[in-house]
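Shown next: structure-v9.cif, containing mmCIF, C-alpha atoms and all ligand atoms.
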```cif
data_final
loop_
_atom_site.label_atom_id
_atom_site.label_comp_id
_atom_site.auth_asym_id
_atom_site.auth_seq_id
_atom_site.Cartn_x
_atom_site.Cartn_y
_atom_site.Cartn_z
CA MET C 1 0.00 0.00 0.00
CA ASP C 2 1.42 3.43 -0.93
CA GLU C 3 1.98 6.23 1.59
CA ILE C 4 -1.04 8.32 0.53
CA THR C 5 -3.39 5.33 0.75
CA LYS C 6 -2.03 4.52 4.22
CA ARG C 7 -2.81 8.06 5.34
CA VAL C 8 -6.33 7.89 3.86
CA GLN C 9 -6.87 4.59 5.66
CA GLU C 10 -5.64 6.06 8.92
CA MET C 11 -7.91 9.09 8.53
CA TYR C 12 -11.04 7.00 7.94
CA SER C 13 -10.11 4.70 10.82
CA GLN C 14 -10.13 7.70 13.13
CA PHE C 15 -13.10 9.34 11.40
CA PRO C 16 -15.26 6.62 9.77
CA TYR C 17 -17.58 8.26 7.24
CA PRO C 18 -20.48 9.00 7.22
CA GLY C 19 -20.51 7.26 10.62
CA LEU C 20 -24.25 7.60 11.21
CA GLN C 21 -24.64 4.16 12.74
CA GLY C 22 -28.27 3.07 12.88
CA LYS C 23 -29.58 6.49 11.86
CA VAL C 24 -29.73 6.65 8.09
CA SER C 25 -32.06 4.44 6.15
CA SER C 26 -33.03 6.81 3.37
CA LEU C 27 -32.40 6.16 -0.28
CA ARG C 28 -30.00 8.78 -1.64
CA TRP C 29 -30.91 10.52 -4.84
CA GLY C 30 -29.33 8.78 -7.82
CA TYR C 31 -28.88 5.40 -6.09
CA ASP C 32 -32.23 3.89 -6.94
CA LEU C 33 -31.24 0.57 -8.53
CA ASP C 34 -34.18 0.66 -10.97
CA PHE C 35 -33.00 4.08 -12.13
CA ILE C 36 -29.42 2.86 -12.59
CA LEU C 37 -30.46 -0.31 -14.42
CA ALA C 38 -32.79 1.67 -16.67
CA GLN C 39 -29.74 3.49 -18.05
CA ALA C 40 -28.57 0.17 -19.48
CA GLY C 41 -32.04 -0.96 -20.54
CA SER C 42 -31.20 -4.05 -18.48
CA THR C 43 -33.48 -7.03 -19.05
CA LYS C 44 -32.13 -8.99 -16.09
CA ARG C 45 -34.47 -9.86 -13.27
CA ILE C 46 -33.58 -8.19 -10.00
CA ASP C 47 -32.56 -11.50 -8.38
CA GLN C 48 -29.83 -11.84 -11.04
CA ILE C 49 -28.37 -8.42 -10.33
CA ARG C 50 -25.01 -8.07 -8.54
CA VAL C 51 -24.04 -4.70 -7.12
CA LEU C 52 -20.65 -3.59 -5.80
CA ASP C 53 -20.30 -0.58 -3.50
CA ALA C 54 -16.60 0.28 -3.80
CA GLY C 55 -15.45 2.28 -0.78
CA CYS C 56 -18.73 1.73 1.04
CA GLY C 57 -17.57 3.58 4.16
CA THR C 58 -19.89 2.94 7.10
CA GLY C 59 -22.41 1.47 4.67
CA GLU C 60 -25.53 3.61 5.16
CA LEU C 61 -26.10 3.90 1.40
CA LEU C 62 -25.36 0.22 0.83
CA ALA C 63 -27.60 -1.01 3.66
CA CYS C 64 -30.43 1.15 2.40
CA CYS C 65 -30.12 0.01 -1.25
CA ALA C 66 -29.92 -3.60 -0.11
CA SER C 67 -33.06 -3.28 1.99
CA VAL C 68 -35.01 -1.53 -0.77
CA PHE C 69 -33.96 -4.28 -3.24
CA PRO C 70 -33.95 -7.41 -1.05
CA GLN C 71 -33.63 -9.86 -3.98
CA ALA C 72 -30.48 -8.29 -5.49
CA HIS C 73 -26.96 -9.32 -4.34
CA PHE C 74 -24.67 -6.69 -2.84
CA THR C 75 -20.95 -6.57 -2.04
CA GLY C 76 -19.26 -3.79 -0.08
CA ILE C 77 -15.50 -3.23 -0.12
CA GLU C 78 -13.76 -0.72 2.08
CA LEU C 79 -10.21 0.25 3.09
CA SER C 80 -10.91 1.07 6.73
CA HIS C 81 -11.55 -1.85 9.05
CA ARG C 82 -13.38 0.37 11.53
CA SER C 83 -15.75 1.71 8.83
CA LEU C 84 -16.45 -1.85 7.76
CA GLU C 85 -17.37 -2.88 11.30
CA ILE C 86 -19.95 -0.06 11.44
CA ALA C 87 -21.18 -0.98 7.94
CA LYS C 88 -21.93 -4.52 9.13
CA LYS C 89 -23.91 -3.14 12.06
CA ASN C 90 -25.86 -0.83 9.72
CA ALA C 91 -26.71 -3.79 7.48
CA ALA C 92 -27.91 -5.74 10.53
CA HIS C 93 -29.91 -2.72 11.72
CA VAL C 94 -32.05 -2.71 8.54
CA GLU C 95 -32.00 -6.54 8.39
CA ALA C 96 -30.26 -6.57 5.02
CA MET C 97 -29.10 -10.18 4.65
CA ASN C 98 -28.00 -9.76 1.03
CA ILE C 99 -24.59 -8.03 1.54
CA GLU C 100 -21.07 -9.44 1.66
CA PHE C 101 -18.31 -7.23 3.05
CA TYR C 102 -14.56 -7.33 2.38
CA GLN C 103 -11.66 -5.17 3.50
CA LYS C 104 -9.94 -4.28 0.23
CA ASP C 105 -8.11 -1.51 -1.59
CA ILE C 106 -9.98 -0.52 -4.79
CA MET C 107 -6.67 -0.14 -6.59
CA ASP C 108 -5.86 -3.81 -5.90
CA VAL C 109 -9.18 -5.52 -6.70
CA THR C 110 -9.09 -8.41 -9.14
CA ALA C 111 -11.57 -10.70 -10.89
CA GLU C 112 -11.56 -12.88 -7.74
CA LEU C 113 -14.21 -10.55 -6.35
CA GLY C 114 -16.56 -11.52 -9.20
CA SER C 115 -18.27 -9.36 -11.82
CA PHE C 116 -21.02 -6.82 -11.28
CA ASP C 117 -23.99 -5.35 -13.14
CA VAL C 118 -23.78 -2.15 -11.12
CA ILE C 119 -20.73 -0.62 -9.47
CA ILE C 120 -21.39 2.27 -7.12
CA CYS C 121 -18.39 4.33 -6.12
CA SER C 122 -19.55 7.36 -4.20
CA GLY C 123 -17.12 9.96 -2.91
CA VAL C 124 -14.11 7.66 -3.18
CA ILE C 125 -12.25 8.05 -6.49
CA HIS C 126 -11.27 11.67 -5.69
CA HIS C 127 -9.46 10.41 -2.54
CA LEU C 128 -7.37 7.73 -4.29
CA SER C 129 -3.60 8.13 -4.74
CA GLN C 130 -4.12 6.91 -8.33
CA PRO C 131 -7.73 7.60 -9.41
CA GLU C 132 -7.16 6.30 -12.92
CA LYS C 133 -5.84 2.98 -11.60
CA GLY C 134 -8.85 2.69 -9.29
CA ILE C 135 -11.38 3.30 -12.07
CA SER C 136 -9.55 0.86 -14.39
CA CYS C 137 -9.59 -1.85 -11.72
CA LEU C 138 -13.34 -1.35 -11.21
CA ALA C 139 -13.99 -1.27 -14.97
CA LYS C 140 -12.53 -4.78 -15.22
CA LEU C 141 -15.18 -6.02 -12.76
CA LEU C 142 -18.07 -4.46 -14.70
CA GLU C 143 -20.23 -6.91 -16.67
CA PRO C 144 -20.75 -6.16 -20.37
CA GLY C 145 -23.68 -3.74 -20.37
CA GLY C 146 -23.08 -2.96 -16.68
CA ILE C 147 -23.30 0.53 -15.23
CA MET C 148 -20.82 2.34 -13.02
CA THR C 149 -21.90 5.37 -11.00
CA LEU C 150 -19.27 7.79 -9.77
CA TYR C 151 -19.56 10.76 -7.42
CA LEU C 152 -16.66 13.15 -8.00
CA TYR C 153 -15.88 16.53 -6.47
CA CYS C 154 -16.38 19.55 -8.70
CA GLN C 155 -13.43 21.91 -9.02
CA TYR C 156 -15.61 24.95 -9.66
CA THR C 157 -17.59 24.75 -6.44
CA ARG C 158 -15.13 23.38 -3.89
CA GLU C 159 -13.04 26.53 -3.75
CA ARG C 160 -14.22 27.42 -0.27
CA ASN C 161 -13.24 24.01 1.13
CA VAL C 162 -9.81 24.31 -0.49
CA ARG C 163 -9.29 27.82 0.92
CA ILE C 164 -10.20 26.70 4.45
CA LYS C 165 -7.68 23.87 4.26
CA GLN C 166 -5.01 26.28 3.02
CA ALA C 167 -5.65 28.55 5.98
CA VAL C 168 -5.51 25.61 8.42
CA ASN C 169 -2.23 24.48 6.83
CA ILE C 170 -0.65 27.85 7.64
CA LEU C 171 -1.74 27.59 11.28
CA GLU C 172 -0.97 23.86 11.75
CA ARG C 173 0.90 22.12 8.96
CA ASP C 174 1.14 18.66 10.58
CA GLN C 175 -1.72 16.71 8.96
CA SER C 176 -1.64 14.00 11.62
CA LYS C 177 -2.67 16.51 14.31
CA PHE C 178 -6.37 16.14 13.54
CA ARG C 179 -7.67 17.43 16.90
CA LYS C 180 -5.80 20.72 16.61
CA ARG C 181 -6.68 21.11 12.93
CA ILE C 182 -10.37 20.46 13.66
CA LYS C 183 -10.35 23.17 16.35
CA ILE C 184 -8.75 25.66 13.95
CA ALA C 185 -11.09 24.77 11.05
CA ARG C 186 -14.15 25.15 13.30
CA ALA C 187 -13.01 28.61 14.31
CA LEU C 188 -12.29 29.66 10.73
CA LEU C 189 -15.64 28.35 9.55
CA ASN C 190 -17.35 29.61 12.69
CA ASP C 191 -19.22 26.31 12.69
CA TYR C 192 -19.70 24.47 15.96
CA GLN C 193 -22.54 22.22 14.72
CA LEU C 194 -20.86 20.15 12.02
CA ARG C 195 -19.82 16.68 13.28
CA ASP C 196 -16.02 16.09 13.47
CA ILE C 197 -16.30 13.29 10.90
CA ALA C 198 -18.10 15.49 8.39
CA LEU C 199 -15.73 18.40 9.01
CA VAL C 200 -12.60 16.29 8.49
CA ASP C 201 -14.06 14.73 5.33
CA ALA C 202 -15.09 18.06 3.84
CA TYR C 203 -12.32 20.43 4.94
CA LEU C 204 -9.28 18.52 6.24
CA HIS C 205 -8.95 15.56 3.94
CA VAL C 206 -5.45 14.14 3.57
CA ASN C 207 -5.90 13.51 -0.17
CA GLU C 208 -8.39 15.14 -2.49
CA ASN C 209 -8.55 15.58 -6.27
CA LEU C 210 -10.98 17.91 -8.01
CA TYR C 211 -12.67 17.46 -11.37
CA THR C 212 -14.37 19.26 -14.23
CA ALA C 213 -16.62 17.66 -16.86
CA ARG C 214 -13.71 17.78 -19.35
CA ILE C 215 -11.32 16.05 -16.93
CA ILE C 216 -13.93 13.34 -16.22
CA PHE C 217 -14.59 12.65 -19.93
CA ASP C 218 -10.85 12.28 -20.60
CA LEU C 219 -10.30 10.11 -17.52
CA LEU C 220 -13.11 7.72 -18.49
CA GLN C 221 -11.79 7.43 -22.02
CA ARG C 222 -8.35 6.43 -20.74
CA CYS C 223 -10.07 3.67 -18.70
CA ASP C 224 -12.00 2.35 -21.77
CA LEU C 225 -15.23 3.60 -20.28
CA ARG C 226 -17.91 5.71 -21.88
CA PHE C 227 -19.69 8.62 -20.24
CA LEU C 228 -23.41 7.81 -20.43
CA ARG C 229 -25.10 10.70 -18.64
CA PHE C 230 -25.03 12.87 -15.59
CA CYS C 231 -27.27 11.62 -12.87
CA ASP C 232 -28.98 15.03 -12.91
CA GLU C 233 -29.05 15.12 -16.71
CA PRO C 234 -32.36 17.06 -16.92
CA MET C 235 -30.52 19.95 -15.25
CA TRP C 236 -27.93 20.11 -18.03
CA ASN C 237 -30.35 21.89 -20.27
CA ALA C 238 -29.36 25.15 -21.98
CA GLU C 239 -33.00 26.16 -22.35
CA THR C 240 -33.71 26.08 -18.61
CA LEU C 241 -30.38 27.65 -17.61
CA ILE C 242 -30.24 30.49 -20.15
CA LYS C 243 -32.96 32.91 -21.27
CA ASP C 244 -31.35 34.25 -24.48
CA LYS C 245 -32.69 32.02 -27.28
CA GLU C 246 -29.85 32.83 -29.70
CA VAL C 247 -27.16 31.78 -27.21
CA VAL C 248 -29.18 28.66 -26.35
CA LYS C 249 -29.16 27.75 -30.07
CA MET C 250 -25.39 28.30 -30.24
CA ILE C 251 -24.89 25.94 -27.31
CA GLN C 252 -27.25 23.33 -28.72
CA ALA C 253 -25.31 23.34 -31.99
CA LEU C 254 -22.11 22.22 -30.21
CA SER C 255 -20.91 18.62 -29.98
CA ASP C 256 -22.07 16.81 -26.81
CA ASP C 257 -18.67 17.20 -25.11
CA LEU C 258 -18.42 20.93 -25.81
CA ARG C 259 -22.04 21.56 -24.83
CA TYR C 260 -21.42 19.88 -21.46
CA GLU C 261 -18.19 21.86 -21.09
CA VAL C 262 -19.98 25.19 -21.56
CA LEU C 263 -22.86 24.25 -19.25
CA ASP C 264 -20.35 22.93 -16.69
CA LEU C 265 -18.90 26.44 -16.37
CA ILE C 266 -22.24 27.85 -15.28
CA ILE C 267 -24.31 25.00 -13.90
CA SER C 268 -22.68 24.25 -10.54
CA GLN C 269 -23.38 27.71 -9.16
CA ALA C 270 -26.82 27.73 -10.75
CA ILE C 271 -27.98 24.53 -9.06
CA ASN C 272 -25.82 24.74 -5.94
CA ARG C 273 -24.12 21.36 -5.69
CA ASN C 274 -20.46 20.54 -5.24
CA ALA C 275 -19.97 17.24 -7.01
CA TYR C 276 -20.75 15.41 -10.24
CA GLU C 277 -22.67 12.17 -10.21
CA ILE C 278 -22.24 10.30 -13.44
CA PHE C 279 -23.16 7.04 -15.08
CA ALA C 280 -20.48 5.32 -17.14
CA GLY C 281 -20.38 2.09 -19.12
CA HIS C 282 -18.01 0.06 -21.27
CA ASP C 283 -16.70 1.96 -24.28
CA SER C 284 -17.27 -0.91 -26.66
CA TYR C 285 -20.79 -1.84 -25.49
CA GLU C 286 -23.84 -0.56 -27.36
CA TYR C 287 -26.00 0.85 -24.52
CA ARG C 288 -29.65 1.32 -25.35
CA ALA C 289 -31.27 3.34 -22.65
CA VAL C 290 -35.00 2.78 -22.87
CA LYS C 291 -35.89 6.29 -23.88
CA GLU C 292 -38.26 6.05 -26.79
CA PHE C 293 -41.90 5.22 -26.65
CA GLY C 294 -43.63 3.61 -29.55
CA LYS C 295 -45.65 0.50 -30.20
CA GLY C 296 -42.68 -1.72 -29.44
CA SER C 297 -42.22 -0.16 -26.03
CA LEU C 298 -45.68 -0.72 -24.64
CA ASN C 299 -44.36 -3.71 -22.75
CA LEU C 300 -42.01 -1.57 -20.64
CA TYR C 301 -42.67 -1.27 -16.90
CA PRO C 302 -42.78 2.40 -15.88
CA MET C 303 -42.38 3.38 -12.25
CA ARG C 304 -42.43 6.79 -10.68
CA SER C 305 -39.17 8.00 -9.21
CA PRO C 306 -38.97 7.75 -5.42
CA PHE C 307 -37.50 11.26 -5.56
CA ILE C 308 -40.67 13.12 -6.42
CA ARG C 309 -43.18 14.61 -3.99
CA ILE C 310 -46.63 15.59 -5.16
CA GLU C 311 -48.82 18.05 -3.26
CA LYS C 312 -52.16 19.63 -4.12
CA ASP C 313 -51.79 23.36 -4.87
CA LYS C 314 -53.43 25.38 -2.10
CA ALA C 315 -54.57 28.22 -4.37
CA HIS C 316 -55.82 26.32 -7.44
CA ASP C 317 -58.24 23.44 -7.80
CA ASN C 318 -57.09 20.65 -10.08
CA ILE C 319 -53.44 21.80 -9.95
CA TYR C 320 -50.67 19.85 -8.24
CA ASN C 321 -47.12 20.85 -7.39
CA LEU C 322 -44.50 18.22 -8.10
CA TYR C 323 -41.14 18.64 -6.37
CA ILE C 324 -38.03 16.81 -7.54
CA ILE C 325 -35.79 16.07 -4.59
CA HIS C 326 -32.13 16.09 -5.63
CA HIS C 327 -28.73 17.31 -4.50
CA SER C 328 -29.46 20.87 -5.41
CA LYS C 329 -30.54 22.81 -2.35
CA SER C 330 -33.50 24.23 -4.25
CA PRO C 331 -35.85 21.45 -5.37
CA LEU C 332 -37.27 21.84 -8.84
CA ARG C 333 -41.01 22.48 -8.90
CA LEU C 334 -43.34 21.57 -11.74
CA GLN C 335 -47.06 22.30 -11.91
CA LEU C 336 -49.22 19.46 -13.17
CA SER C 337 -52.89 18.83 -13.82
CA ALA C 338 -54.85 16.21 -11.88
CA GLY C 339 -54.87 14.00 -15.02
CA SER C 340 -51.09 14.10 -15.28
CA VAL C 341 -50.69 13.27 -11.60
CA ASN C 342 -53.12 10.36 -12.00
CA LEU C 343 -50.98 8.94 -14.80
CA ILE C 344 -47.70 9.33 -12.86
CA MET C 345 -49.21 7.72 -9.75
CA LYS C 346 -50.24 4.67 -11.77
CA CYS C 347 -46.57 4.02 -12.56
CA ASP C 348 -45.66 1.70 -9.68
CA GLY C 349 -43.48 -0.73 -11.62
CA SER C 350 -46.03 -3.53 -11.59
CA ARG C 351 -47.91 -2.88 -14.83
CA THR C 352 -46.77 -2.28 -18.39
CA LEU C 353 -47.01 1.04 -20.16
CA GLY C 354 -49.63 -0.51 -22.46
CA GLN C 355 -51.82 -1.50 -19.50
CA ILE C 356 -51.48 1.92 -17.88
CA LEU C 357 -52.32 3.72 -21.12
CA GLU C 358 -55.45 1.65 -21.70
CA GLU C 359 -56.56 2.35 -18.16
CA THR C 360 -56.07 6.12 -18.42
CA VAL C 361 -57.70 6.29 -21.85
CA ASP C 362 -60.74 4.45 -20.44
CA GLU C 363 -60.95 6.97 -17.61
CA SER C 364 -60.51 10.02 -19.86
CA ASN C 365 -63.21 12.36 -21.12
CA ILE C 366 -65.72 10.61 -23.39
CA ASN C 367 -65.66 13.60 -25.79
CA THR C 368 -62.07 12.80 -26.73
CA THR C 369 -61.32 10.13 -29.31
CA HIS C 370 -59.39 7.07 -28.19
CA GLN C 371 -56.41 8.08 -30.35
CA ALA C 372 -56.35 11.68 -29.06
CA ALA C 373 -56.46 10.49 -25.43
CA MET C 374 -53.68 7.98 -26.16
CA ASN C 375 -51.53 10.70 -27.76
CA GLU C 376 -52.10 13.01 -24.83
CA SER C 377 -50.97 10.30 -22.37
CA LEU C 378 -47.93 9.42 -24.49
CA LYS C 379 -46.92 13.08 -24.58
CA LEU C 380 -47.08 13.21 -20.80
CA PHE C 381 -45.05 10.01 -20.49
CA ASN C 382 -42.32 11.49 -22.66
CA PHE C 383 -42.33 14.69 -20.62
CA ALA C 384 -42.05 12.72 -17.36
CA LEU C 385 -39.40 10.37 -18.72
CA ASN C 386 -37.18 13.19 -19.97
CA ARG C 387 -37.26 14.78 -16.52
CA ASP C 388 -36.64 11.49 -14.69
CA LEU C 389 -40.05 11.68 -12.99
CA ILE C 390 -40.58 8.14 -14.16
CA ILE C 391 -38.17 5.31 -14.84
CA VAL C 392 -38.78 2.59 -17.42
CA ARG C 393 -37.38 -0.92 -17.45
CA PRO C 394 -38.22 -3.95 -19.58
CA VAL C 395 -38.82 -6.04 -16.41
CA PRO C 396 -41.00 -5.35 -13.35
CA SER C 397 -39.44 -3.39 -10.49
CA GLY C 398 -37.70 -5.31 -7.72
CA LYS C 399 -38.38 -2.46 -5.34
CA ALA C 400 -39.76 -2.99 -1.86
CA TRP C 401 -41.81 0.23 -2.02
CA GLU C 402 -42.63 0.15 1.69
CA ASN C 403 -38.90 0.46 2.52
CA ILE C 404 -38.39 3.62 0.54
CA LYS C 405 -37.67 6.80 2.41
CA THR C 406 -35.78 9.49 0.53
CA VAL C 407 -33.50 12.27 1.65
CA ASP C 408 -34.89 15.74 1.07
CA PHE C 409 -31.71 17.70 0.40
CA SER C 410 -33.54 21.00 0.33
CA LYS C 411 -34.16 20.61 4.05
CA ALA C 412 -30.64 19.31 4.88
C1 LIG Y 1 -16.16 9.95 1.72
S1 LIG Y 1 -16.17 8.28 2.18
C2 LIG Y 1 -17.57 7.70 1.24
C3 LIG Y 1 -18.25 6.53 1.88
C4 LIG Y 1 -19.47 6.00 1.11
N1 LIG Y 1 -19.14 5.62 -0.24
C5 LIG Y 1 -20.58 7.01 1.08
O1 LIG Y 1 -20.87 7.59 0.02
O2 LIG Y 1 -21.17 7.25 2.14
C6 LIG Y 1 -14.81 7.60 1.30
C7 LIG Y 1 -14.56 6.13 1.64
O3 LIG Y 1 -13.67 5.55 0.69
C8 LIG Y 1 -12.79 4.68 1.36
N2 LIG Y 1 -11.58 4.53 0.55
C9 LIG Y 1 -10.66 5.46 0.29
N3 LIG Y 1 -9.68 4.95 -0.46
C10 LIG Y 1 -10.00 3.65 -0.67
C11 LIG Y 1 -9.36 2.58 -1.36
N4 LIG Y 1 -8.20 2.76 -1.97
N5 LIG Y 1 -9.97 1.38 -1.37
C12 LIG Y 1 -11.17 1.19 -0.74
N6 LIG Y 1 -11.80 2.16 -0.06
C13 LIG Y 1 -11.21 3.37 -0.02
C14 LIG Y 1 -12.53 5.39 2.66
O4 LIG Y 1 -12.00 4.53 3.64
C15 LIG Y 1 -13.90 5.95 2.99
O5 LIG Y 1 -14.65 5.08 3.78
#
```
As structure tokens - that is how I would like this structure written.
Amino acid sequence: MDEITKRVQEMYSQFPYPGLQGKVSSLRWGYDLDFILAQAGSTKRIDQIRVLDAGCGTGELLACCASVFPQAHFTGIELSHRSLEIAKKNAAHVEAMNIEFYQKDIMDVTAELGSFDVIICSGVIHHLSQPEKGISCLAKLLEPGGIMTLYLYCQYTRERNVRIKQAVNILERDQSKFRKRIKIARALLNDYQLRDIALVDAYLHVNENLYTARIIFDLLQRCDLRFLRFCDEPMWNAETLIKDKEVVKMIQALSDDLRYEVLDLIISQAINRNAYEIFAGHDSYEYRAVKEFGKGSLNLYPMRSPFIRIEKDKAHDNIYNLYIIHHSKSPLRLQLSAGSVNLIMKCDGSRTLGQILEETVDESNINTTHQAAMNESLKLFNFALNRDLIIVRPVPSGKAWENIKTVDFSKA
């Protein structure tokens, strides 16, 4: 193990992250297994799905995913023994029997661990001594057509954290003196609420790399991976970020890479989040996300995202407010009619799109023709799909709906 990795291990042994033993059992935005599998158009049944959480920390995310999808098979690997011990307790706390844990360095993993349909690596790659080696090792464990999700710090919005660490370094350079550095950082931040573990992770980390969209695209390419989409892809939309139609057109005319690069320079501030969450897949695999609706797609199983909240509008009859709960501190709000809400609520992953459409057409106004009602519903489906309000998979959901609680970041 190299010197940097040893120091990272030591840090997380002293400050196991997130370290919320027995407290967190909420699904984090972006880690809904149905949502991840939908990106690959996966036709596997949920009991055939193998998921790896690489650098699972104290396992809150893993335990939650495993309890929401009790038929899928989960593996957690982690550098810090102490974090792993807490992770096992968290799994036991939510009675998740479908997780295996191993103490391992991501940069050393081999095929012995098995192969995975989904590899989650949240908040880890940017702390590796050799991020490229880590991603390459994980890529070798990814099944053909598998999906990797990465959470990587954003260079443009982490400036404050970097500045605080620089100031602490001037006052106490010795990185092993955590107690003294925590005291100084607290004073500089004037924050006496933040838990020590969260403060060390955010402001005093012993090894941290920062990324931009461009850097991520290049990094993935060097690891024979392909960028598939940002987790919050609907946000990366020139039309919603910029009012001037001419400039929007200029941006839309760019290649995908350049369009993302331009939006990257403005989006992080606009939506107030400090990391990228991305889906990647094998470069050579032809991924077919299930995005189009047509006759052939009526046998898809739509399900509403667990990250939407629907409330009746207080001022207007027949109008509903739909809030999308994501990492941005300000949840996106959409206004929908009662008919639209009815259609979205029917999407519970148990019936096909064809069945749902027939049902809504039957319920619709008798003055409308069958075809017009069908078109109206299809239009709404497309709208909802493009904003990730619903997820579509070719197989029924493996979700235990009763276990789903979601984190509302706007209230965090
Ligand atoms: C910020 S925490 C994230 C924990 C968890 N993924 C989450 O999102 O809550 C980073 C974790 O990565 C682990 N880690 C860092 N380097 C690692 C490596 N080379 N191999 C395995 N785990 C590593 C750390 O021990 C730590 O628990």
List all protein, DNA and RNA residues that have at least one atom no more than 9 Å from any atom of ligand LIG 1 (chain Y), counting all atoms listed in the file, and write them as JSON, numbers by chain.
{"C": [1, 5, 6, 8, 9, 10, 11, 12, 13, 15, 16, 17, 18, 19, 53, 54, 55, 56, 57, 58, 59, 60, 61, 62, 77, 78, 79, 80, 81, 83, 84, 103, 104, 105, 106, 107, 108, 109, 120, 121, 122, 123, 124, 125, 126, 127, 128, 129, 130, 131, 134, 151, 198, 201, 202]}
Please list as a VMD selection string every residue within 12 Å of Leu37 (chain C), counting all atoms listed in the file and excluding residues in the same chain fewer than 5 positions away.
chain C and resid 30 to 32 42 to 46 49 to 51 72 116 to 120 145 to 149 279 to 281 287 to 290 391 to 398
Of the residues C:Glu159, C:Gln39, C:Arg333, C:Ala63, which is the one nearest to Ala92 (chain C), using all atoms listed in the file?
C:Ala63
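Across C:Asn386, C:Thr110, C:Gln355, C:Ser297, the tightest approach to Trp236 (chain C) is made by C:Asn386 when counting all atoms listed in the file.
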What is the CA of Cys64 (chain C)-CA of Met345 (chain C) distance in Å, reported with one decimal?
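Between CA of Cys64 (chain C) and CA of Met345 (chain C) the gap is 23.3 Å.
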Calculate how many Å separate CA of Asn161 (chain C) from CA of Asp174 (chain C), rounding to one decimal.
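Taking CA of Asn161 (chain C) as the start and CA of Asp174 (chain C) as the end point, the length is 18.0 Å.
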10 Å contact set for Asp224 (chain C), all atoms listed in the file, chain neighbours under 4 positions out, as a ChimeraX atom specification:
/C:135-136,139-140,219-220,281-284
Residues within 8 Å of region 183-187 of chain C, all atoms listed in the file, excluding chain neighbours under 5 positions, as a PyMOL selection string
chain C and resi 164-165+168+171+192+203
Where does region 113-211 of chain C meet region 255-277 of chain C within 7 Å, residue by residue, with the nearest atom pair and distance in Å to one decimal for each, counting all atoms listed in the file, listed by chain and rising number, as a Markdown table?
```
| residue | atom | partner | partner_atom | distance |
| --- | --- | --- | --- | --- |
| C:Thr149 | CA | C:Glu277 | CA | 6.9 |
| C:Leu150 | CA | C:Glu277 | CA | 5.6 |
| C:Tyr151 | CA | C:Glu277 | CA | 4.4 |
| C:Leu152 | CA | C:Tyr276 | CA | 5.2 |
| C:Tyr153 | CA | C:Ala275 | CA | 4.2 |
| C:Cys154 | CA | C:Ala275 | CA | 4.6 |
| C:Thr157 | CA | C:Asn274 | CA | 5.2 |
| C:Arg158 | CA | C:Asn274 | CA | 6.2 |
```
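Interatomic distance, CA of Cys137 (chain C) to CA of Gln14 (chain C): 26.6 Å.
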For Met235 (chain C), which residue among C:Ala66, C:Leu33, C:Leu142, C:Ile324 is the nearest when counting all atoms listed in the file?
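That would be C:Ile324, the residue with the smallest distance to Met235 (chain C).
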May I ask which of the residues C:Cys347, C:Cys231, C:Val162, C:Ala253 is the closest one to Glu208 (chain C), counting all atoms listed in the file?
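Among the listed residues, the smallest separation from Glu208 (chain C) belongs to C:Val162.
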So that I can see what lies close to Pro70 (chain C), please list as a PyMOL selection string the residues with an atom at most 10 Å from it, counting only C-alpha atoms and leaving out residues fewer than 3 positions away in the same chain.
chain C and resi 46-47+64-67+73-74+95-99+398-400+403
Deliver the residues from the most recent selection as a file, using C-alpha atoms, as a compact mmCIF listing (two decimals), in the frame of the given file.
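Wrote it out as again_9.txt, contents follow:
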```txt
# COMPACT_ATOMS: atom_id res chain seq x y z
CA ILE C 46 -33.58 -8.19 -10.00
CA ASP C 47 -32.56 -11.50 -8.38
CA CYS C 64 -30.43 1.15 2.40
CA CYS C 65 -30.12 0.01 -1.25
CA ALA C 66 -29.92 -3.60 -0.11
CA SER C 67 -33.06 -3.28 1.99
CA HIS C 73 -26.96 -9.32 -4.34
CA PHE C 74 -24.67 -6.69 -2.84
CA GLU C 95 -32.00 -6.54 8.39
CA ALA C 96 -30.26 -6.57 5.02
CA MET C 97 -29.10 -10.18 4.65
CA ASN C 98 -28.00 -9.76 1.03
CA ILE C 99 -24.59 -8.03 1.54
CA GLY C 398 -37.70 -5.31 -7.72
CA LYS C 399 -38.38 -2.46 -5.34
CA ALA C 400 -39.76 -2.99 -1.86
CA ASN C 403 -38.90 0.46 2.52
```
For each of C:Leu189, C:Leu241, C:Ala372, C:Ile182, take the minimum atom-to-atom distance to Arg160 (chain C), counting only C-alpha atoms, then give the residue where this is smallest.
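Smallest separation from Arg160 (chain C) among the options: C:Leu189.
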Could you give me, as an NGL selection string, the residues that sit within 10 Å of (-37.4, 7.9, -16.5) in the file's coordinates, counting only C-alpha atoms?
:C and (34-35 or 38-39 or 289-291 or 302-305 or 381-393)
Restricting the calculation to all atoms listed in the file: of C:Ala91, C:Leu52, C:Leu357, C:Val247, which residue gets closest to Glu143 (chain C)?
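That would be C:Leu52, the residue with the smallest distance to Glu143 (chain C).
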